[in-house]
Amino acid sequence: MKRFLRAAVTAVGLTALATGALASDWTPPGPIKLMIAFKAGGGADTQARLIAEDLEAKLGWKFIPEQVTGKGGMNLAMAIKDQPNDGSVIGIVVTETLGYNMKVANAGVAPSDFTAITTTAGFQMGVVSLSSKGWATFDDMIAAAKAGSLRFGAMSPKLADLAYLLGKAQGVDFNIVNVKGGKGVMNGVNAGDLDLGFMAGIQGKGVAAGDLVNLASALSEPLKQTPDAPTFADLGVPFSADGYFLIIGPGGMPTEARDALAAAVGEVVSTEGTKSNGMISKAFGGAAVIAGDDAQALVQSDFEAAGALLQAASE
Amino acid sequence: MGWFDYVWMGILAVFQGPEMFSILGLAIPVTIVMILMGFLMGVAVGATPGLAGPMAMAVALPILISIFGFTPDALLPVMGFLLGIMKGATIGGAVPAILFNTPGTPDAFMTTLDGYPMTKAGQARKALRVAHFSSASGDTFSDIVLIFCAPFLAVVVERYLDLPEKTALLILSLAFIAAVIGGSVGKGLISLGLGLLAAYVGTGEDFYPRLSMGSQTLAQGFPIAAVVLGVLILGEVFKSIEELWQENRKSGALAVVEQSGDQRLHWADIKRLLPYISRSAVIGTAIGALPGIGSTLAATLGYTTGRAAHARKGRSPAFGQGAPEGIAATEAANSSVSGANLIPVLSLGIPGNAAAVFLILAADSIGGFNPGPSVFRFTGDQVNPEMVIAFGLFTCMMIANLLNWTIGGAFMRSMGFMSRIPKHILLPVVLLLTLTSIYVQETRMVAIWFTIGFGVLGYLMRRLGISPLPFVIAYILGGKLEESARQAFAATGGDAWFLFSSSVSIAFMALTVLVVTLSLRKPKEART
């Protein structure tokens with residue numbers, strides 16, 4: 001009898017283990033290390049931390065956020081590459097990291113060395129200045145730039161290339177200043193160190209309050225907040241800063257872990273009332289979830305397309 | 001949103017923050033509990049020769065972060081605890097100085113000169129009361145100066161300094177720190193250069209990892225906690241262990257002196273001490289506001305100025321023979337450094353001493369608060385959360401002062417036994433705690449190896465008489481220096497002479513050269 005009981009208990013235990021491995025029931029093997037490629041305190045960093053908070057509250061998963069900043073997310077990519085791929089280590093970057101930046105870095109890695117889990121939100125990338133500068137439209141700013149060169153803040157090399165091409169298309173020379181993060185651009189613009197710069201959504205509150213103005217959309221489509229601002233295509237630049245915040249993991253992550261993570265993140269960022277959804281709606285015009293294989297395909301095509309922009313900017 | 005709104009929000013952030021527990025329905029905010037615990041720990045640590053405030057801050061920080069997490073809610077409790085340690089250690093250092101002729105912290109050395117003679121004359125408790133009163137006065141004065149100066153200095157810097165000037169200001173601060181800390185400018189510059197070198201490993205804007213020699217471990221740069229704790233704490237521990245080994249401890253038992261007479265501090269005493277306290281508080285605050293000089297020089301200056309005034313009046317006992325004025329002059333000076341030291345931290349992001357380094361480290365690790373001029377920026381109708389935190393910190397400091405005035409004295413007087421803790425037990429404990437706390441924060445073994453490596457570097461620097469503080473400060477400012485220099489270069493349209501593009505930046509650069517050459521000219525006594 002005793003032996004039978006023991007066998008029964010073992011069998012039940014095994015069944016429980018087996019069920020635990022099913023996709024729908026996937027739980028992280030322990031606390032999840034969340035690497036963040038953005039400077040602490042900025043919009044992107046806040047977004048990442050709020051997603052972690054929401055998941056902790058909803059699913060009881062524990063997150064350990066860690067800043068791994070620098071080199072346009074490449075530091076994070078290189079750091080996460082060899083971490084365990086069981087879902088216990090994930091990182092948040094931008095699609096640009098696995099696209100343009102990975103191409104330029106030429107560090108011997110490709111998007112296929114990583115698992116794209118899901119995007120969370122798209123950029124609302126605008127060319128922004130203080131409204132106290134007195135520029136109501138993009139053309140006012142260009143007129144000012146013709147009178148004396150302006151300082152243009154960019155938070156990544158790709159954006160610096162775009163700023164250069166914008167100046168070239170408009171016949172002006174910008175002094176392009178590389179700044180850490182959209183918050184850095186905003187601080188610089190507010191302090192008067194920069195005349196204008198790229199902001200990927202952090203400008204939302206300031207534009208609404210009338211302190212800042214979206215002069216142009218650096219996207220292939222108009223900005224949600226300022227639909228009248230011209231897009232880069234309107235301004236003669238055949239490239240755009242279209243991109244997303246992207247959660248990645250080390251390459252070869254098991255599909256059930258990837259999909260469970262993607263589903264969990266996708267749900268909290270899209271559910272009205274969560275902290276991350278509130279923040280993303282305000283700053284980035286709402287959640288934009290592209291998960292799994294679609295996300296992988298997206299970064300792969302960005303990676304392959306990076307050459308054209310590089311070519312144009314080096315001419 | 002005006003200044004007063006932010007002051008009020010800062011106070012509320014402390015008092016209405018997350019609650020720890022409630023007594024009789026009265027919620028006790030966690031920040032206040034943390035300030036109290038930090039303060040008590042600081043006094044105990046300060047009263048222990050061989051331990052100092054920065055050590056306790058270093059060990060406590062990673063543990064606190066693992067408790068409170070990385071949300072902005074953690075900033076005030078964690079930094080409140082650290083501020084508590086900082087303030088507690090300042091008064092604690094006087095205890096063994098007075099009772100056992102052994103300074104608990106380096107800046108309490110001058111306190112032994114009059115404190116111990118008073119103990120021998122049977123006036124120990126009175127000496128401790130004098131030390132506490134002067135220390136608390138100096139500290140409070142310094143904090144008030146900080147609260148009024150830092151925001152305005154930050155606003156001025158932000159409004160009038162452009163990128164080239166900000167770069168020049170950083171260069172000036174680094175040169176100043178290298179020149180005034182440590183025995184010689186040359187050694188200061190070596191320390192500074194090594195710090196910058198360490199800061200530039202693996203960082204930078206290019207996609208390829210700089211100075212990493214092909215190693216992926218180095219490509220991420222050194223973890224900031226490993227560098228700071230290694231050089232500052234492990235280096236000190238290694239050196240103390242070596243000293244312990246060599247000296248075999250002169251174990252002359254101290255004679256216990258019968259304590260007699262009136263031990264209380266009377267209004268007449270206070271009136272007599274006040275000129276010394278106020279003079280020293282001004283000296284300490286002025287010195288504290290300059291990055292890098294530190295409390296030991298403040299104590300020395302406060303003491304010598306006090307001694308000159310005392311000699312002019314011809315009062316007895318003279319300084320050095322048990323004059324309460326001597327204790328007052330020293331303690332007011334070294335305590336008033338701590339508040340003023342945060343002026344460059346909060347308004348410029350430039351740390352001036354080890355305690356400030358750990359506060360910056362805390363802000364940096366937790367996130368959501370980047371000390372520097374942007375903290376005090378008005379953002380239209382929206383709340384600037386960093387400014388709320390800044391005023392929350394000021395509130396924490398005032399609470400710590402209140403604790404200091406109310407329970408600090410009694411607690412301090414009960415801490416005499418701490419100096420009997422043997423160093424051969426203390427040092428290994430500190431070593432293990434430091435390594436553990438590094439692992440808690442970094443959760444990878446390589447961080448431990450880095451810490452030990454930097455510990456050896458810190459030890460070697462101390463052996464060669466090179467102060468490790470310029471190293472650490474340069475390490476912290478290195479990234480900022482590079483960033484602002486690159487930005488200034490780009491913003492001026494690629495002008496290689498951007499540092500000399502305006503009169504303000506030229507003035508800063510001229511001062512830089514002046515500071516270094518002036519310090520080269522006259523050899524100085526060793527300072528820390």
# chains A, B, ... in the order shown; residues from 1 in each chain; ligands from 1

call {"tool": "interface_residues", "arguments": {"of": "chain B", "to": "chain A", "cutoff": "10 Å", "atoms": "only C-alpha atoms", "output": "PDB file with N, CA and C atoms, in the first residue's frame"}}
result
ATOM      1  N   SER B  66      18.437  46.332  -2.607  1.00  0.00           N
ATOM      2  CA  SER B  66      17.765  45.051  -2.815  1.00  0.00           C
ATOM      3  C   SER B  66      16.490  44.973  -1.992  1.00  0.00           C
ATOM      4  N   GLY B  69      14.222  48.129  -3.928  1.00  0.00           N
ATOM      5  CA  GLY B  69      14.010  48.035  -5.369  1.00  0.00           C
ATOM      6  C   GLY B  69      14.489  49.273  -6.105  1.00  0.00           C
ATOM      7  N   PHE B  70      14.135  49.306  -7.379  1.00  0.00           N
ATOM      8  CA  PHE B  70      14.694  50.329  -8.254  1.00  0.00           C
ATOM      9  C   PHE B  70      13.666  51.370  -8.663  1.00  0.00           C
ATOM     10  N   THR B  71      12.585  51.477  -7.922  1.00  0.00           N
ATOM     11  CA  THR B  71      11.593  52.467  -8.313  1.00  0.00           C
ATOM     12  C   THR B  71      11.941  53.803  -7.675  1.00  0.00           C
ATOM     13  N   PRO B  72      11.471  54.908  -8.255  1.00  0.00           N
ATOM     14  CA  PRO B  72      11.744  56.221  -7.655  1.00  0.00           C
ATOM     15  C   PRO B  72      11.253  56.316  -6.205  1.00  0.00           C
ATOM     16  N   VAL B 155      20.252  76.986 -10.935  1.00  0.00           N
ATOM     17  CA  VAL B 155      19.521  77.804 -11.903  1.00  0.00           C
ATOM     18  C   VAL B 155      20.489  78.708 -12.666  1.00  0.00           C
ATOM     19  N   VAL B 157      23.720  78.207 -13.177  1.00  0.00           N
ATOM     20  CA  VAL B 157      24.547  77.389 -14.069  1.00  0.00           C
ATOM     21  C   VAL B 157      23.767  77.051 -15.336  1.00  0.00           C
ATOM     22  N   GLU B 158      22.516  76.637 -15.126  1.00  0.00           N
ATOM     23  CA  GLU B 158      21.710  76.212 -16.260  1.00  0.00           C
ATOM     24  C   GLU B 158      21.406  77.381 -17.191  1.00  0.00           C
ATOM     25  N   ARG B 159      21.206  78.550 -16.611  1.00  0.00           N
ATOM     26  CA  ARG B 159      20.807  79.687 -17.440  1.00  0.00           C
ATOM     27  C   ARG B 159      21.999  80.303 -18.166  1.00  0.00           C
ATOM     28  N   TYR B 160      23.145  80.362 -17.510  1.00  0.00           N
ATOM     29  CA  TYR B 160      24.230  81.155 -18.086  1.00  0.00           C
ATOM     30  C   TYR B 160      25.357  80.332 -18.700  1.00  0.00           C
ATOM     31  N   LEU B 161      25.424  79.033 -18.365  1.00  0.00           N
ATOM     32  CA  LEU B 161      26.541  78.271 -18.915  1.00  0.00           C
ATOM     33  C   LEU B 161      26.095  77.440 -20.111  1.00  0.00           C
ATOM     34  N   ASP B 162      26.823  77.604 -21.195  1.00  0.00           N
ATOM     35  CA  ASP B 162      26.560  76.833 -22.401  1.00  0.00           C
ATOM     36  C   ASP B 162      27.431  75.573 -22.361  1.00  0.00           C
ATOM     37  N   LEU B 163      27.284  74.710 -23.362  1.00  0.00           N
ATOM     38  CA  LEU B 163      28.026  73.436 -23.344  1.00  0.00           C
ATOM     39  C   LEU B 163      29.539  73.614 -23.176  1.00  0.00           C
ATOM     40  N   PRO B 164      30.193  74.526 -23.921  1.00  0.00           N
ATOM     41  CA  PRO B 164      31.643  74.672 -23.710  1.00  0.00           C
ATOM     42  C   PRO B 164      31.981  75.078 -22.276  1.00  0.00           C
ATOM     43  N   GLY B 202      35.419  50.670 -22.252  1.00  0.00           N
ATOM     44  CA  GLY B 202      34.121  50.139 -22.667  1.00  0.00           C
ATOM     45  C   GLY B 202      33.037  51.164 -22.900  1.00  0.00           C
ATOM     46  N   THR B 203      33.307  52.450 -22.624  1.00  0.00           N
ATOM     47  CA  THR B 203      32.258  53.459 -22.804  1.00  0.00           C
ATOM     48  C   THR B 203      32.456  54.167 -24.138  1.00  0.00           C
ATOM     49  N   GLY B 204      31.840  55.299 -24.295  1.00  0.00           N
ATOM     50  CA  GLY B 204      32.032  56.065 -25.517  1.00  0.00           C
ATOM     51  C   GLY B 204      30.874  55.921 -26.470  1.00  0.00           C
ATOM     52  N   GLU B 205      30.905  56.705 -27.541  1.00  0.00           N
ATOM     53  CA  GLU B 205      29.749  56.739 -28.434  1.00  0.00           C
ATOM     54  C   GLU B 205      29.893  55.815 -29.629  1.00  0.00           C
ATOM     55  N   ASP B 206      31.098  55.384 -29.898  1.00  0.00           N
ATOM     56  CA  ASP B 206      31.258  54.516 -31.056  1.00  0.00           C
ATOM     57  C   ASP B 206      30.692  53.144 -30.745  1.00  0.00           C
ATOM     58  N   PHE B 207      30.376  52.413 -31.790  1.00  0.00           N
ATOM     59  CA  PHE B 207      29.755  51.113 -31.575  1.00  0.00           C
ATOM     60  C   PHE B 207      30.752  50.055 -31.125  1.00  0.00           C
ATOM     61  N   TYR B 208      32.022  50.251 -31.506  1.00  0.00           N
ATOM     62  CA  TYR B 208      32.974  49.237 -31.066  1.00  0.00           C
ATOM     63  C   TYR B 208      33.437  49.553 -29.654  1.00  0.00           C
ATOM     64  N   PRO B 209      33.659  48.526 -28.843  1.00  0.00           N
ATOM     65  CA  PRO B 209      34.016  48.757 -27.451  1.00  0.00           C
ATOM     66  C   PRO B 209      35.443  49.288 -27.324  1.00  0.00           C
ATOM     67  N   GLN B 216      34.752  40.650 -23.955  1.00  0.00           N
ATOM     68  CA  GLN B 216      33.360  41.068 -23.826  1.00  0.00           C
ATOM     69  C   GLN B 216      33.064  41.532 -22.398  1.00  0.00           C
ATOM     70  N   THR B 217      33.805  40.998 -21.431  1.00  0.00           N
ATOM     71  CA  THR B 217      33.608  41.414 -20.043  1.00  0.00           C
ATOM     72  C   THR B 217      33.977  42.881 -19.867  1.00  0.00           C
ATOM     73  N   ALA B 219      34.066  45.048 -22.316  1.00  0.00           N
ATOM     74  CA  ALA B 219      33.361  45.892 -23.265  1.00  0.00           C
ATOM     75  C   ALA B 219      32.199  46.641 -22.619  1.00  0.00           C
ATOM     76  N   GLN B 220      31.669  46.107 -21.528  1.00  0.00           N
ATOM     77  CA  GLN B 220      30.584  46.804 -20.839  1.00  0.00           C
ATOM     78  C   GLN B 220      31.098  47.841 -19.860  1.00  0.00           C
ATOM     79  N   GLY B 221      32.418  47.946 -19.725  1.00  0.00           N
ATOM     80  CA  GLY B 221      32.971  48.857 -18.741  1.00  0.00           C
ATOM     81  C   GLY B 221      32.931  48.216 -17.366  1.00  0.00           C
ATOM     82  N   ALA B 363      21.756  57.403  -6.233  1.00  0.00           N
ATOM     83  CA  ALA B 363      20.851  57.986  -7.225  1.00  0.00           C
ATOM     84  C   ALA B 363      21.024  57.282  -8.559  1.00  0.00           C
ATOM     85  N   ASP B 364      22.273  57.012  -8.892  1.00  0.00           N
ATOM     86  CA  ASP B 364      22.584  56.385 -10.168  1.00  0.00           C
ATOM     87  C   ASP B 364      22.046  54.958 -10.248  1.00  0.00           C
ATOM     88  N   SER B 365      22.184  54.204  -9.150  1.00  0.00           N
ATOM     89  CA  SER B 365      21.737  52.810  -9.169  1.00  0.00           C
ATOM     90  C   SER B 365      20.221  52.710  -9.202  1.00  0.00           C
ATOM     91  N   ILE B 366      19.565  53.570  -8.442  1.00  0.00           N
ATOM     92  CA  ILE B 366      18.113  53.451  -8.347  1.00  0.00           C
ATOM     93  C   ILE B 366      17.446  54.016  -9.592  1.00  0.00           C
ATOM     94  N   GLY B 367      17.966  55.136 -10.062  1.00  0.00           N
ATOM     95  CA  GLY B 367      17.392  55.757 -11.247  1.00  0.00           C
ATOM     96  C   GLY B 367      16.287  56.729 -10.897  1.00  0.00           C
ATOM     97  N   GLY B 368      15.969  57.592 -11.839  1.00  0.00           N
ATOM     98  CA  GLY B 368      14.896  58.547 -11.614  1.00  0.00           C
ATOM     99  C   GLY B 368      15.354  59.837 -10.965  1.00  0.00           C
ATOM    100  N   PHE B 369      16.622  59.927 -10.635  1.00  0.00           N
ATOM    101  CA  PHE B 369      17.139  61.165 -10.036  1.00  0.00           C
ATOM    102  C   PHE B 369      18.573  61.326 -10.508  1.00  0.00           C
ATOM    103  N   ASN B 370      18.815  62.348 -11.317  1.00  0.00           N
ATOM    104  CA  ASN B 370      20.159  62.564 -11.842  1.00  0.00           C
ATOM    105  C   ASN B 370      20.695  63.875 -11.297  1.00  0.00           C
ATOM    106  N   PRO B 373      22.347  70.207 -12.660  1.00  0.00           N
ATOM    107  CA  PRO B 373      21.536  71.425 -12.767  1.00  0.00           C
ATOM    108  C   PRO B 373      20.102  71.173 -13.217  1.00  0.00           C
ATOM    109  N   SER B 374      19.873  70.067 -13.957  1.00  0.00           N
ATOM    110  CA  SER B 374      18.510  69.893 -14.466  1.00  0.00           C
ATOM    111  C   SER B 374      17.520  69.533 -13.368  1.00  0.00           C
ATOM    112  N   ARG B 377      14.853  72.443 -12.381  1.00  0.00           N
ATOM    113  CA  ARG B 377      14.262  73.127 -13.528  1.00  0.00           C
ATOM    114  C   ARG B 377      12.756  73.154 -13.398  1.00  0.00           C
ATOM    115  N   PHE B 378      12.195  74.320 -13.676  1.00  0.00           N
ATOM    116  CA  PHE B 378      10.738  74.415 -13.681  1.00  0.00           C
ATOM    117  C   PHE B 378      10.223  73.951 -15.029  1.00  0.00           C
ATOM    118  N   THR B 379       9.240  73.054 -14.989  1.00  0.00           N
ATOM    119  CA  THR B 379       8.759  72.491 -16.234  1.00  0.00           C
ATOM    120  C   THR B 379       7.315  72.919 -16.446  1.00  0.00           C
ATOM    121  N   GLY B 380       7.120  74.209 -16.518  1.00  0.00           N
ATOM    122  CA  GLY B 380       5.773  74.725 -16.779  1.00  0.00           C
ATOM    123  C   GLY B 380       4.791  74.276 -15.722  1.00  0.00           C
ATOM    124  N   ASP B 381       3.650  73.799 -16.179  1.00  0.00           N
ATOM    125  CA  ASP B 381       2.611  73.396 -15.240  1.00  0.00           C
ATOM    126  C   ASP B 381       2.833  72.003 -14.685  1.00  0.00           C
ATOM    127  N   GLN B 382       3.767  71.255 -15.309  1.00  0.00           N
ATOM    128  CA  GLN B 382       3.958  69.884 -14.854  1.00  0.00           C
ATOM    129  C   GLN B 382       4.938  69.843 -13.686  1.00  0.00           C
ATOM    130  N   PRO B 385       9.627  65.781 -11.142  1.00  0.00           N
ATOM    131  CA  PRO B 385       9.768  64.858  -9.999  1.00  0.00           C
ATOM    132  C   PRO B 385      11.141  64.928  -9.349  1.00  0.00           C
ATOM    133  N   GLU B 386      12.164  65.286 -10.141  1.00  0.00           N
ATOM    134  CA  GLU B 386      13.501  65.340  -9.558  1.00  0.00           C
ATOM    135  C   GLU B 386      13.602  66.476  -8.533  1.00  0.00           C
ATOM    136  N   GLN B 441      24.219  43.467  -5.565  1.00  0.00           N
ATOM    137  CA  GLN B 441      23.835  44.469  -6.545  1.00  0.00           C
ATOM    138  C   GLN B 441      24.114  44.029  -7.981  1.00  0.00           C
ATOM    139  N   GLU B 442      25.247  43.385  -8.199  1.00  0.00           N
ATOM    140  CA  GLU B 442      25.631  43.095  -9.585  1.00  0.00           C
ATOM    141  C   GLU B 442      25.236  41.680 -10.026  1.00  0.00           C
ATOM    142  N   GLU B 483      31.029  63.310 -22.449  1.00  0.00           N
ATOM    143  CA  GLU B 483      29.773  63.636 -23.101  1.00  0.00           C
ATOM    144  C   GLU B 483      29.675  65.136 -23.372  1.00  0.00           C
ATOM    145  N   SER B 484      29.965  65.933 -22.345  1.00  0.00           N
ATOM    146  CA  SER B 484      29.775  67.365 -22.550  1.00  0.00           C
ATOM    147  C   SER B 484      30.830  67.912 -23.502  1.00  0.00           C
ATOM    148  N   ARG B 486      32.153  66.260 -26.076  1.00  0.00           N
ATOM    149  CA  ARG B 486      31.714  65.896 -27.433  1.00  0.00           C
ATOM    150  C   ARG B 486      30.574  66.796 -27.885  1.00  0.00           C
ATOM    151  N   GLN B 487      29.632  67.043 -26.958  1.00  0.00           N
ATOM    152  CA  GLN B 487      28.490  67.871 -27.326  1.00  0.00           C
ATOM    153  C   GLN B 487      28.924  69.293 -27.619  1.00  0.00           C
ATOM    154  N   ALA B 488      29.829  69.802 -26.782  1.00  0.00           N
ATOM    155  CA  ALA B 488      30.290  71.176 -26.992  1.00  0.00           C
ATOM    156  C   ALA B 488      30.995  71.280 -28.341  1.00  0.00           C
ATOM    157  N   PHE B 489      31.783  70.276 -28.654  1.00  0.00           N
ATOM    158  CA  PHE B 489      32.513  70.257 -29.926  1.00  0.00           C
ATOM    159  C   PHE B 489      31.522  70.258 -31.089  1.00  0.00           C
ATOM    160  N   ALA B 490      30.504  69.388 -31.001  1.00  0.00           N
ATOM    161  CA  ALA B 490      29.532  69.314 -32.087  1.00  0.00           C
ATOM    162  C   ALA B 490      28.689  70.582 -32.169  1.00  0.00           C
ATOM    163  N   ALA B 491      28.302  71.102 -31.005  1.00  0.00           N
ATOM    164  CA  ALA B 491      27.400  72.253 -30.986  1.00  0.00           C
ATOM    165  C   ALA B 491      28.068  73.505 -31.533  1.00  0.00           C
ATOM    166  N   THR B 492      29.403  73.593 -31.394  1.00  0.00           N
ATOM    167  CA  THR B 492      30.079  74.778 -31.910  1.00  0.00           C
ATOM    168  C   THR B 492      30.481  74.557 -33.369  1.00  0.00           C
ATOM    169  N   GLY B 493      29.889  73.562 -33.980  1.00  0.00           N
ATOM    170  CA  GLY B 493      30.170  73.321 -35.385  1.00  0.00           C
ATOM    171  C   GLY B 493      31.556  72.753 -35.617  1.00  0.00           C
ATOM    172  N   GLY B 494      32.022  71.943 -34.683  1.00  0.00           N
ATOM    173  CA  GLY B 494      33.321  71.300 -34.857  1.00  0.00           C
ATOM    174  C   GLY B 494      34.491  72.223 -34.602  1.00  0.00           C
TER     175      GLY B 494
END

call {"tool": "residues_around", "arguments": {"residues": "A:Gly266", "least_positions_apart": "2", "cutoff": "8 Å", "atoms": "only C-alpha atoms", "output": "ChimeraX atom specification"}}
result
/A:118,120,262-264,268-270,289

call {"tool": "residues_around", "arguments": {"residues": "B:Met418", "least_positions_apart": "3", "cutoff": "8 Å", "atoms": "only C-alpha atoms", "output": "PyMOL selection string"}}
result
chain B and resi 44+47-48+415+421

call {"tool": "residues_around", "arguments": {"residues": "A:Gly171", "least_positions_apart": "5", "cutoff": "12 Å", "atoms": "only C-alpha atoms", "output": "ChimeraX atom specification"}}
result
/A:139,142-143,145-147,149,164-166,235-236

call {"tool": "write_last_selection", "arguments": {"atoms": "N, CA and C atoms", "output": "short mmCIF file (atom, residue, chain, number, x, y, z; two decimals), in the first residue's frame"}}
result
data_model
loop_
_atom_site.label_atom_id
_atom_site.label_comp_id
_atom_site.auth_asym_id
_atom_site.auth_seq_id
_atom_site.Cartn_x
_atom_site.Cartn_y
_atom_site.Cartn_z
N ASP A 139 9.18 75.57 -41.69
CA ASP A 139 9.82 76.54 -42.57
C ASP A 139 10.41 77.72 -41.78
N ILE A 142 13.72 76.57 -40.62
CA ILE A 142 14.71 76.53 -41.70
C ILE A 142 15.19 77.95 -42.02
N ALA A 143 14.27 78.92 -41.98
CA ALA A 143 14.67 80.31 -42.22
C ALA A 143 15.70 80.74 -41.19
N ALA A 145 17.67 78.73 -39.54
CA ALA A 145 18.90 77.95 -39.74
C ALA A 145 19.73 78.55 -40.87
N LYS A 146 19.06 79.21 -41.82
CA LYS A 146 19.81 79.83 -42.91
C LYS A 146 20.54 81.06 -42.41
N ALA A 147 19.96 81.72 -41.39
CA ALA A 147 20.60 82.92 -40.85
C ALA A 147 21.82 82.56 -39.98
N SER A 149 23.80 78.78 -38.07
CA SER A 149 23.58 77.35 -37.91
C SER A 149 22.97 77.02 -36.55
N TYR A 164 21.33 64.93 -40.60
CA TYR A 164 22.26 65.41 -41.63
C TYR A 164 21.56 65.44 -42.99
N LEU A 165 20.82 64.36 -43.30
CA LEU A 165 20.13 64.30 -44.59
C LEU A 165 19.03 65.36 -44.68
N LEU A 166 18.39 65.62 -43.53
CA LEU A 166 17.35 66.65 -43.51
C LEU A 166 17.96 68.01 -43.84
N LEU A 235 9.65 66.46 -46.74
CA LEU A 235 10.76 67.40 -46.66
C LEU A 235 11.96 66.96 -47.50
N GLY A 236 11.77 65.92 -48.28
CA GLY A 236 12.82 65.52 -49.21
C GLY A 236 13.81 64.51 -48.67
#

call {"tool": "atom_distance", "arguments": {"atom1": "atom CA of B:Ser22", "atom2": "atom CA of B:Asn404"}}
result
23.1 Å

call {"tool": "residues_around", "arguments": {"residues": "stretch 294-307 of chain A", "least_positions_apart": "6", "cutoff": "12 Å", "atoms": "only C-alpha atoms", "output": "VMD selection string"}}
result
chain A and resid 93 to 106 109 to 120 157 to 158 161 239 to 249 251 to 252 258 to 259 262 288 313 to 314

call {"tool": "residues_around", "arguments": {"residues": "A:Met125", "least_positions_apart": "6", "cutoff": "9 Å", "atoms": "only C-alpha atoms", "output": "MDAnalysis selection string"}}
result
chainID A and resid 198:201 216:219 223 241:243 284

call {"tool": "residues_around", "arguments": {"residues": "B:Phe21", "least_positions_apart": "3", "cutoff": "12 Å", "atoms": "only C-alpha atoms", "output": "list in words"}}
result
Gly17, Pro18, Leu24, Gly25, Leu26, Ala27, Ile28, Pro29, Val30, Thr31, Ile32 and Val33 of chain B

call {"tool": "atom_distance", "arguments": {"atom1": "atom CA of B:Val282", "atom2": "atom CA of B:Ala329"}}
result
10.8 Å

call {"tool": "closest_residue", "arguments": {"among": "B:Ser347, B:Asn401, B:Ser142, B:Gln263", "to": "B:Pro371", "atoms": "only C-alpha atoms"}}
result
B:Ser347
